$ cat my_file35.txt   # compact mmCIF, C-alpha atoms
# COMPACT_ATOMS: atom_id res chain seq x y z
CA ALA A 1 -1.27 -23.72 21.27
CA ASP A 2 -1.35 -25.19 17.75
CA LYS A 3 -3.73 -27.95 18.88
CA ASN A 4 -6.02 -25.46 20.59
CA SER A 5 -6.14 -23.21 17.51
CA LYS A 6 -7.11 -26.15 15.29
CA GLU A 7 -9.91 -27.06 17.68
CA VAL A 8 -11.20 -23.47 17.67
CA VAL A 9 -11.19 -23.33 13.86
CA LYS A 10 -12.97 -26.69 13.65
CA LYS A 11 -15.61 -25.52 16.13
CA TYR A 12 -16.23 -22.25 14.25
CA LEU A 13 -16.56 -24.07 10.94
CA SER A 14 -18.99 -26.63 12.33
CA GLU A 15 -21.16 -23.83 13.73
CA GLY A 16 -20.98 -21.77 10.55
CA LYS A 17 -19.36 -18.82 12.30
CA ARG A 18 -16.95 -16.32 10.80
CA ILE A 19 -13.35 -16.77 11.87
CA PRO A 20 -11.61 -13.47 12.75
CA GLY A 21 -8.60 -12.91 10.50
CA TYR A 22 -9.67 -15.46 7.88
CA GLY A 23 -10.56 -13.99 4.50
CA HIS A 24 -11.24 -10.38 3.64
CA ARG A 25 -14.41 -8.40 3.01
CA TYR A 26 -13.17 -7.12 -0.36
CA TYR A 27 -10.83 -9.81 -1.66
CA LYS A 28 -13.25 -12.67 -2.13
CA ASP A 29 -11.14 -15.00 -4.26
CA TYR A 30 -7.52 -13.91 -3.98
CA ASP A 31 -5.70 -11.54 -1.69
CA PRO A 32 -3.14 -9.07 -3.17
CA ARG A 33 -0.77 -10.04 -0.37
CA THR A 34 -0.45 -13.45 -2.04
CA LYS A 35 2.56 -12.46 -4.15
CA LYS A 36 4.53 -11.40 -1.10
CA LEU A 37 3.56 -14.65 0.62
CA PHE A 38 4.98 -16.49 -2.39
CA GLU A 39 8.28 -14.66 -2.05
CA ILE A 40 8.45 -15.40 1.68
CA ALA A 41 7.49 -19.05 1.17
CA LYS A 42 10.10 -19.49 -1.56
CA GLU A 43 12.81 -17.97 0.63
CA LEU A 44 11.86 -20.32 3.46
CA GLY A 45 11.75 -23.34 1.16
CA ASP A 46 8.02 -23.84 1.69
CA ASN A 47 6.64 -26.28 -0.90
CA ARG A 48 3.48 -24.19 -1.23
CA ALA A 49 5.45 -21.38 -2.89
CA GLU A 50 4.28 -22.27 -6.40
CA ILE A 51 0.64 -22.21 -5.28
CA PHE A 52 1.09 -18.65 -4.04
CA ASN A 53 2.79 -17.74 -7.32
CA VAL A 54 -0.11 -19.04 -9.43
CA ARG A 55 -2.62 -17.19 -7.29
CA ALA A 56 -0.59 -13.98 -7.52
CA SER A 57 -0.47 -14.24 -11.30
CA HIS A 58 -4.21 -14.79 -11.47
CA LEU A 59 -4.87 -11.82 -9.21
CA SER A 60 -2.58 -9.56 -11.25
CA ASN A 61 -4.55 -10.43 -14.37
CA LEU A 62 -7.81 -9.60 -12.60
CA MET A 63 -6.48 -6.27 -11.34
CA ASN A 64 -5.28 -5.27 -14.79
CA SER A 65 -8.58 -6.32 -16.31
CA LEU A 66 -10.94 -4.75 -13.78
CA MET A 67 -9.08 -2.00 -11.94
CA TRP A 68 -6.65 -0.50 -14.47
CA ASN A 69 -7.92 2.59 -16.26
CA ALA A 70 -5.77 3.27 -19.31
CA GLU A 71 -7.14 6.77 -19.82
CA ASP A 72 -6.23 7.86 -16.28
CA SER A 73 -3.17 5.59 -15.89
CA PHE A 74 -4.47 4.52 -12.49
CA TYR A 75 -5.83 1.52 -10.60
CA TYR A 76 -9.27 2.33 -9.23
CA GLY A 77 -11.17 0.42 -6.59
CA ILE A 78 -14.17 -1.70 -7.58
CA SER A 79 -17.63 -1.10 -6.16
CA ARG A 80 -19.69 -3.95 -4.75
CA ARG A 81 -22.08 -3.53 -7.65
CA GLY A 82 -19.26 -3.73 -10.15
CA GLY A 83 -17.50 -0.98 -12.02
CA GLN A 84 -14.65 1.29 -11.08
CA VAL A 85 -14.92 3.82 -8.27
CA ARG A 86 -13.32 6.90 -9.83
CA VAL A 87 -11.63 8.22 -6.71
CA ARG A 88 -7.86 8.50 -6.64
CA ASP A 89 -6.51 7.44 -3.29
CA ILE A 90 -3.17 5.95 -2.34
CA GLY A 91 -4.58 2.45 -2.78
CA GLY A 92 -4.34 3.02 -6.52
CA LEU A 93 -0.54 3.20 -6.22
CA MET A 94 -0.22 -0.03 -4.22
CA PRO A 95 -0.08 -2.27 -7.31
CA LEU A 96 3.47 -0.92 -7.74
CA PHE A 97 4.42 -2.64 -4.49
CA ALA A 98 2.73 -5.85 -5.60
CA GLY A 99 4.48 -5.83 -8.99
CA VAL A 100 1.20 -5.80 -10.90
CA PRO A 101 1.77 -3.11 -13.59
CA SER A 102 3.86 -3.67 -16.68
CA VAL A 103 6.90 -1.41 -17.04
CA ASN A 104 4.92 0.80 -19.41
CA GLN A 105 1.99 1.05 -16.99
CA ALA A 106 4.31 1.89 -14.11
CA GLN A 107 5.99 4.65 -16.12
CA ARG A 108 2.64 6.18 -16.98
CA MET A 109 1.54 6.07 -13.32
CA VAL A 110 4.72 7.73 -12.08
CA ILE A 111 4.80 10.47 -14.71
CA ARG A 112 1.14 11.37 -14.37
CA HIS A 113 0.54 11.01 -10.64
CA LEU A 114 3.92 11.55 -8.96
CA GLY A 115 5.30 14.22 -11.28
CA PRO A 116 5.22 17.96 -10.39
CA GLU A 117 1.61 18.32 -11.54
CA GLY A 118 0.48 14.97 -10.18
CA ASP A 119 -2.25 14.29 -7.64
CA PHE A 120 0.22 12.68 -5.25
CA HIS A 121 3.13 15.10 -5.56
CA SER A 122 3.44 16.72 -2.14
CA GLY A 123 5.99 18.14 0.26
CA PHE A 124 6.01 15.33 2.82
CA GLY A 125 5.52 11.74 1.72
CA LEU A 126 2.42 10.71 -0.21
CA PRO A 127 -1.09 11.96 0.58
CA SER A 128 -3.72 9.33 1.29
CA LEU A 129 -6.06 11.03 -1.17
CA GLY A 130 -5.31 12.71 -4.48
CA LYS A 131 -5.07 16.49 -4.18
CA ARG A 132 -7.77 17.12 -6.78
CA GLU A 133 -10.34 14.94 -5.05
CA GLN A 134 -13.31 16.46 -3.25
CA GLY A 135 -12.68 16.77 0.48
CA TYR A 136 -8.89 16.69 0.18
CA GLY A 137 -6.92 18.27 2.99
CA SER A 138 -3.22 17.66 3.61
CA ALA A 139 -3.83 17.27 7.37
CA ARG A 140 -7.04 15.24 7.08
CA ARG A 141 -6.55 11.64 8.12
CA TRP A 142 -7.68 9.50 5.14
CA GLN A 143 -8.49 12.52 3.00
CA GLY A 144 -4.95 13.68 2.40
CA GLY A 145 -2.85 12.92 5.48
CA MET A 146 0.47 11.10 5.08
CA TRP A 147 0.75 7.62 6.59
CA PRO A 148 4.41 6.45 6.82
CA SER A 149 3.61 2.76 6.43
CA LEU A 150 1.67 3.30 3.19
CA THR A 151 4.28 5.64 1.75
CA THR A 152 6.92 2.99 2.53
CA LEU A 153 5.10 0.38 0.43
CA VAL A 154 4.88 2.72 -2.56
CA ILE A 155 8.57 3.60 -2.18
CA LYS A 156 9.44 -0.11 -2.34
CA GLY A 157 7.38 -0.40 -5.51
CA LEU A 158 9.11 2.59 -7.10
CA VAL A 159 12.52 1.11 -6.35
CA ASP A 160 11.49 -2.28 -7.74
CA TYR A 161 10.61 -0.53 -11.02
CA SER A 162 13.91 1.42 -10.93
CA PHE A 163 12.37 4.83 -10.23
CA ILE A 164 15.17 5.62 -7.79
CA ASN A 165 15.12 9.41 -8.22
CA GLU A 166 11.40 9.58 -7.49
CA ALA A 167 11.79 7.32 -4.46
CA GLN A 168 14.59 9.48 -3.08
CA ARG A 169 12.70 12.74 -3.68
CA ILE A 170 9.73 11.45 -1.68
CA THR A 171 11.80 9.83 1.05
CA ARG A 172 14.37 12.55 1.80
CA PRO A 173 12.05 14.98 3.71
CA LEU A 174 10.81 12.13 5.91
CA VAL A 175 14.33 10.94 6.68
CA ASP A 176 15.45 14.47 7.56
CA LYS A 177 12.53 14.99 9.94
CA LEU A 178 12.01 11.57 11.53
CA SER A 179 15.11 9.40 11.48
CA ASN A 180 16.98 11.23 14.25
CA ALA A 181 14.04 12.69 16.13
CA GLY A 182 13.39 9.82 18.53
CA SER A 183 10.11 8.15 19.39
CA GLU A 184 8.58 11.42 20.62
CA ASN A 185 8.17 12.43 16.98
CA PHE A 186 6.52 9.16 15.93
CA TRP A 187 2.88 9.97 15.25
CA GLU A 188 -0.03 8.17 13.64
CA PHE A 189 0.05 10.31 10.51
CA TYR A 190 1.36 13.66 9.29
CA ASP A 191 0.38 16.65 7.19
CA SER A 192 1.38 15.59 3.68
CA GLU A 193 2.54 19.10 2.79
CA THR A 194 4.20 20.47 5.94
CA GLY A 195 5.07 17.30 7.86
CA ALA A 196 3.26 18.51 10.97
CA PRO A 197 2.37 15.50 13.19
CA SER A 198 -1.24 14.65 13.89
CA HIS A 199 -3.56 12.56 16.04
CA ALA A 200 -1.98 9.93 18.31
CA GLN A 201 1.66 9.96 19.40
CA ASN A 202 4.13 7.06 19.80
CA TYR A 203 2.95 5.12 16.76
CA ILE A 204 5.80 2.76 15.94
CA TRP A 205 4.96 2.52 12.24
CA ALA A 206 6.51 5.98 11.77
CA ALA A 207 9.79 4.10 12.24
CA THR A 208 9.23 2.59 8.79
CA VAL A 209 11.02 5.72 7.56
CA LEU A 210 14.24 3.81 8.30
CA THR A 211 13.13 1.00 6.00
CA MET A 212 12.05 3.60 3.47
CA ALA A 213 15.53 5.13 3.51
CA GLU A 214 17.08 1.71 2.99
CA PHE A 215 14.80 1.02 0.01
CA ALA A 216 15.58 4.42 -1.53
CA ARG A 217 19.33 4.02 -0.85
CA ILE A 218 19.56 7.17 1.22
CA GLN A 219 22.45 7.49 3.65
CA ASN A 220 21.46 9.64 6.60
$ encode --input "my_file35.txt" --output "structure tokens"
Amino acid sequence: ADKNSKEVVKKYLSEGKRIPGYGHRYYKDYDPRTKKLFEIAKELGDNRAEIFNVRASHLSNLMNSLMWNAEDSFYYGISRRGGQVRVRDIGGLMPLFAGVPSVNQAQRMVIRHLGPEGDFHSGFGLPSLGKREQGYGSARRWQGGMWPSLTTLVIKGLVDYSFINEAQRITRPLVDKLSNAGSENFWEFYDSETGAPSHAQNYIWAATVLTMAEFARIQN
């Protein structure tokens, strides 16, 4: 299989074709998953670990330079033409998972956006879109719905920065509703206020609530 895959890659490169799964449409130079790859490589004793570490450091610097908005205490996306896209979606919280913000930056993000008056303070997990954004709806897929896998990543980031109380507050309603419900209650996404399930059923990523509970140190 390894030999065949190398031949396929060689053929695609020689013909100038795109290789599915190689690269990313937005991350042209470095991928934010690099830091996690470094951690995995280091744990496995891979000698490329330091390369991943250098790339992760470089990417963090770029994100803080281009995406961080000090006035809003938030990481905004970047448009293809350059400049920040001033829309607050859950992607702006993902740098917590990647370990990009300083402790001060992380504190400002949590206080402003996850506090009682924050855009992402809701009754069931984290909304995919900030509540003050145009088009927001707690049951609308990428315009406010709650995706368990994305909430899990933010929870891990909160714990890494020692925001245990915040992580537990967000996680507890999900644990209460999903951890003992069985696969029949595993849905693609949920209403971020009420927890009502939505769209397709039997989506296994809802089981990430168990990992979320472990991160947040919640005993069910």
$ residues_around --input "my_file35.txt" --residues "Gly144 (chain A)" --least-positions-apart "5" --cutoff "9 Å" --atoms "all atoms listed in the file" --output "JSON, numbers by chain"
{"A": [89, 126, 127, 128, 129, 130, 131, 135, 136, 137, 138, 139, 191, 192]}
$ write_last_selection --input "my_file35.txt" --atoms "C-alpha atoms" --output "PDB file, in the coordinates of the input"
ATOM      1  CA  ASP A  89      -6.510   7.440  -3.290  1.00  0.00           C
ATOM      2  CA  LEU A 126       2.420  10.710  -0.210  1.00  0.00           C
ATOM      3  CA  PRO A 127      -1.090  11.960   0.580  1.00  0.00           C
ATOM      4  CA  SER A 128      -3.720   9.330   1.290  1.00  0.00           C
ATOM      5  CA  LEU A 129      -6.060  11.030  -1.170  1.00  0.00           C
ATOM      6  CA  GLY A 130      -5.310  12.710  -4.480  1.00  0.00           C
ATOM      7  CA  LYS A 131      -5.070  16.490  -4.180  1.00  0.00           C
ATOM      8  CA  GLY A 135     -12.680  16.770   0.480  1.00  0.00           C
ATOM      9  CA  TYR A 136      -8.890  16.690   0.180  1.00  0.00           C
ATOM     10  CA  GLY A 137      -6.920  18.270   2.990  1.00  0.00           C
ATOM     11  CA  SER A 138      -3.220  17.660   3.610  1.00  0.00           C
ATOM     12  CA  ALA A 139      -3.830  17.270   7.370  1.00  0.00           C
ATOM     13  CA  ASP A 191       0.380  16.650   7.190  1.00  0.00           C
ATOM     14  CA  SER A 192       1.380  15.590   3.680  1.00  0.00           C
TER      15      SER A 192
END
$ closest_residue --input "my_file35.txt" --among "A:Ala106, A:Leu114, A:Ile204, A:Leu158" --to "Trp68 (chain A)" --atoms "only C-alpha atoms"
A:Ala106
$ atom_distance --input "my_file35.txt" --atom1 "CA of Asn165 (chain A)" --atom2 "CA of Ala70 (chain A)"
24.4 Å
$ residues_around --input "my_file35.txt" --residues "Thr211 (chain A)" --least-positions-apart "3" --cutoff "10 Å" --atoms "all atoms listed in the file" --output "MDAnalysis selection string"
chainID A and resid 149 152:153 155:156 207:208 214:217
$ closest_residue --input "my_file35.txt" --among "A:Trp147, A:Tyr161, A:Phe97, A:Tyr75" --to "Trp187 (chain A)" --atoms "only C-alpha atoms"
A:Trp147
$ atom_distance --input "my_file35.txt" --atom1 "CA of Trp205 (chain A)" --atom2 "CA of Ala56 (chain A)"
26.3 Å
$ atom_distance --input "my_file35.txt" --atom1 "CA of Thr171 (chain A)" --atom2 "CA of Val159 (chain A)"
11.5 Å
$ closest_residue --input "my_file35.txt" --among "A:Gly91, A:Gly125, A:Pro101, A:Gly118" --to "Arg169 (chain A)" --atoms "all atoms listed in the file"
A:Gly125
$ closest_residue --input "my_file35.txt" --among "A:Leu210, A:Ala196, A:Leu178, A:Ala98" --to "Gly123 (chain A)" --atoms "only C-alpha atoms"
A:Ala196
$ residues_around --input "my_file35.txt" --residues "Phe124 (chain A)" --least-positions-apart "2" --cutoff "6 Å" --atoms "all atoms listed in the file" --output "JSON list (two decimals) with C-alpha atoms, keeping the file's coordinate frame"
[["chain", "number", "residue", "atom", "x", "y", "z"],
["A", 122, "SER", "CA", 3.44, 16.72, -2.14],
["A", 192, "SER", "CA", 1.38, 15.59, 3.68],
["A", 193, "GLU", "CA", 2.54, 19.10, 2.79],
["A", 195, "GLY", "CA", 5.07, 17.30, 7.86]]
$ closest_residue --input "my_file35.txt" --among "A:Val103, A:Ile170, A:Glu71, A:Trp142" --to "Phe120 (chain A)" --atoms "all atoms listed in the file"
A:Ile170
